[in-house]
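Student: Following this message is one structure expressed as structure tokens.
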Amino acid sequence: MMRSLLDRSGSTGAARLRIQFAWLALFALALMPLPFLLNDYWIRVAVFVLINIGLASAWNVIGGFAGYASFGHGVFFGLGAFVGAIGIVRYGLPLPVVMIGGGLVTGVLALLFTPIFKQRGLYFALSSLAVLLIFDNVLQRWSVTRGLRQYDVGWSVETSLSLDAFYYTFLGLTVVLIGSVILLARSRIGYALHALRRDEVLASSIGIRVLKYKVIAFVFSAAWPGVLGAAFAPFISFVSVQSVLDMKFTLNMILATLFGGAGTVIGPVVGAIALSVIDQLTWGNFLEYHRLIFGALIVAITTFAPGGLVSLFRSFTRRAPKALAETTPPIVKIKVGS
Amino acid sequence: MSGARTPLLEVEHASRNFGGVVALRDVSFQVFPDEVVGLIGPNGAGKTTLFNLISGLLPLSGGDIRLQGQSLSQLRPDQICARGAVRTFQAASLLGNMTVWDNVHVASLFRGNGGRAGPSAAACTADALRLCEIEHLADMAAEQVTVGDQKRIEIARAVASGPRLLMTDEILAGLNPTDGAQILEILRKVRRQGISIIFVEHDMRSVMSLSDRVVVIAQGLKIADGPPSEVARSPEVISVYLGGRYAQGV
């Protein structure tokens with residue numbers, strides 16, 4: 001019995017992993033032909049959707065899996081963009097090198113945030129927001145980040161890469177990022193994060209060093225925006241504090257994660273795609289009411305389906321067994337009621 | 001039971017104050033290998049505070065607590081768990097959205113903080129589920145199981161951590177007599193695996209039937225420590241906790 005239980009659990013875990021990677025491969029394959037089917041405008045939109053998926057998936061590790069809502073996460077994307085811009089323009093480094101550099105810089109920088117993990121809930125969220133404001137101020141005034149010339153306010157990044165090349169770069173990054181999140185979620189780290197999100201006292205009582213795993217999650221979720229930011233620099237051609245440290249990047253990460261389903265691998269992917277579609281539709285058809293419709297939809301989802309679209313979908317699929325229960329023979333119903 | 005053996009756990013003059021309130025005052029007792037110690041006392045006596053001190057969730061205000069001769073006073077809860085002192089909680093703390101298997105497996109993965117040689121984490125999980133007779137629930141969502149099974153998951157998770165000492169905090173609370181008897185049987189099996197138990201419970205029949213020794217605390221002070229039959233006849237224990245009716249029934 002024990003042996004069969006052991007085998008079953010092992011095969012179930014491996015099977016789940018295989019299914020998740022099969023879906024990921026399907027996702028990548030489905031998106032591969034898009035540059036052949038879309039015009040430049042829609043390819044640019046698709047790149048932004050991929051960036052949003054990547055950023056939301058990275059934020060989800062600390063905000064969803066660990067349950068620590070970071071409101072300053074845009075810092076890491078912005079810093080990554082500066083690493084990309086400065087690396088390419090000043091040092092002539094190739095894109096893959098600046099992407100790795102962006103991830104390393106933001107990953108190491110994230111370690112400096114360790115002290116704020118003694119705070120929780122609202123206090124942690126406010127501290128992380130304060131960090132964003134500090135970086136915004138420092139980067140605006142620091143000569144290194146302003147550009148090469150005295151009067152620059154940012155970095156102009158010229159690139160020979162085509163739009164298609166950027167599309168495939170971001171598609172590749174997003175797929176690898178989601179793959180790494182899948183592996184993390186099924187690892188000891190994933191188990192630790194799940195436990196500490198539910199109950200830190202319980203987590204520590206079963207042998208989990210809570211602070212260590214919170215920092216691991218934070219470094220992971222900071223390094224990936226650094227990589228994406230570095231690749232974003234040549235894509236948008238001009239990197240300044242206003243263009244890459246905008247609060248909207250942080251908000252998009254949070255909204256997409258909550259909209260899709262925090263703490264799940266698929267949630268941020270679904271959320272980022274759904275929000276991007278809604279965004280495009282409202283911009284295109286209801287320009288004057290764009291914010292109203294966008295805001296109302298977010299409020300509706302977070303109110304009526306706090307677990308996001310994924311939980312909404314699951315609640316529909318779970319209704320099937322209840323419907324079966326309706327067909328229970330009357331005699332059983334009488335017994336239960338009496 | 002204790003004889004001249006080396007104690008597994010030594011609580012020495014343990015004290016804990018919350019501001020001006022003294023929750024525990026100068027409490028000392030020992031737990032020996034393979035021993036089940038019942039820890040009883042009225043509500044607010046300091047039993048859970050004592051568990052929190054042993055498991056590192058609260059710092060001591062005075063005294064010391066040692067496991068296998070090593071002081072626990074400067075260790076974090078995860079380090080204390082890794083040394084082998086593991087506890088359950090009064091309210092079953094299950095990890096929602098996780099299966100029963102995962103709820104237990106998370107403890108196996110961090111057994112000895114992952115550094116202890118031995119069987120694989122999956123084997124430990126399977127063993128713990130089998131010991132607690134919940135292997136058939138492995139793939140079920142933990143939040144869907146009955147209260148009795150939730151308690152079994154709590155014990156299985158604690159056992160999966162590889163304890164030398166298991167501390168159960170009112171594990172029988174909210175259970176019907178049948179479930180309660182089954183949990184007691186599981187604890188007997190745990191003990192047969194060489195795991196010592198500190199058993200906090202209000203149900204005196206269960207305490208008396210499971211425990212080798214009973215420690216009684218009231219208002220933060222230890223008032224008795226001895227074999228169950230002896231403690232049950234102690235006038236002070238009868239006066240403070242058991243009451244005359246119980247004493248007549250012994």
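The chains in the structure tokens are called A, B, ... from first to last as shown; in each chain the residues are counted from 1, and the ligands are counted from 1 in the order shown.
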Enumerate, as a VMD selection string, the complete set of residues in region 16-259 of chain A that a backbone-based DSSP assignment places in strand (DSSP E).

Tutor: chain A and resid 154 to 156 238 to 240

Student: Each residue of chain B with at least one atom at most 6 Å from chain A should appear once, together with its nearest atom pair and the corresponding distance in Å (one decimal); atoms considered: only C-alpha atoms; ordering: chain, then increasing residue number; output as a Markdown table.

Tutor:
```
| residue | atom | partner | partner_atom | distance |
| --- | --- | --- | --- | --- |
| B:Pro77 | CA | A:Ser205 | CA | 5.4 |
| B:Asp78 | CA | A:Gly207 | CA | 3.8 |
| B:Cys81 | CA | A:Gly207 | CA | 5.2 |
| B:Ala82 | CA | A:Gly207 | CA | 5.9 |
| B:Val106 | CA | A:Tyr191 | CA | 5.9 |
| B:Ala107 | CA | A:Ile206 | CA | 5.6 |
| B:Phe110 | CA | A:Gly207 | CA | 5.6 |
| B:Asn113 | CA | A:Gly207 | CA | 5.8 |
| B:Ala126 | CA | A:Met2 | CA | 5.9 |
```

Student: If you count only C-alpha atoms, which residues fall within 8 Å of Gly162 (chain B), apart from same-chain ones fewer than 4 positions away, as a ChimeraX atom specification?

Tutor: /B:84,108,111-112,158

Student: Write out as a PyMOL selection string all residues of region 159-284 of chain A that backbone DSSP assigns to alpha helix (DSSP H).

Tutor: chain A and resi 163-185+188-198+200-205+210-236+241-244+247-260+266-284

Student: Counting only C-alpha atoms, what is within 6 Å of Val100 (chain B), bar same-chain residues fewer than 6 positions away, as a list in words?

Tutor: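 In the requested format, the answer is Ala138, Met140 and Ala142 of chain B.
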
Student: Would you save the residues of that selection, restricted to C-alpha atoms, as a tab-separated table (two decimals), in the first residue's frame?

Tutor:
```
chain	number	residue	atom	x	y	z
B	138	ALA	CA	-3.82	11.62	-0.27
B	140	MET	CA	-8.12	14.99	-1.66
B	142	ALA	CA	-7.24	19.20	2.66
```
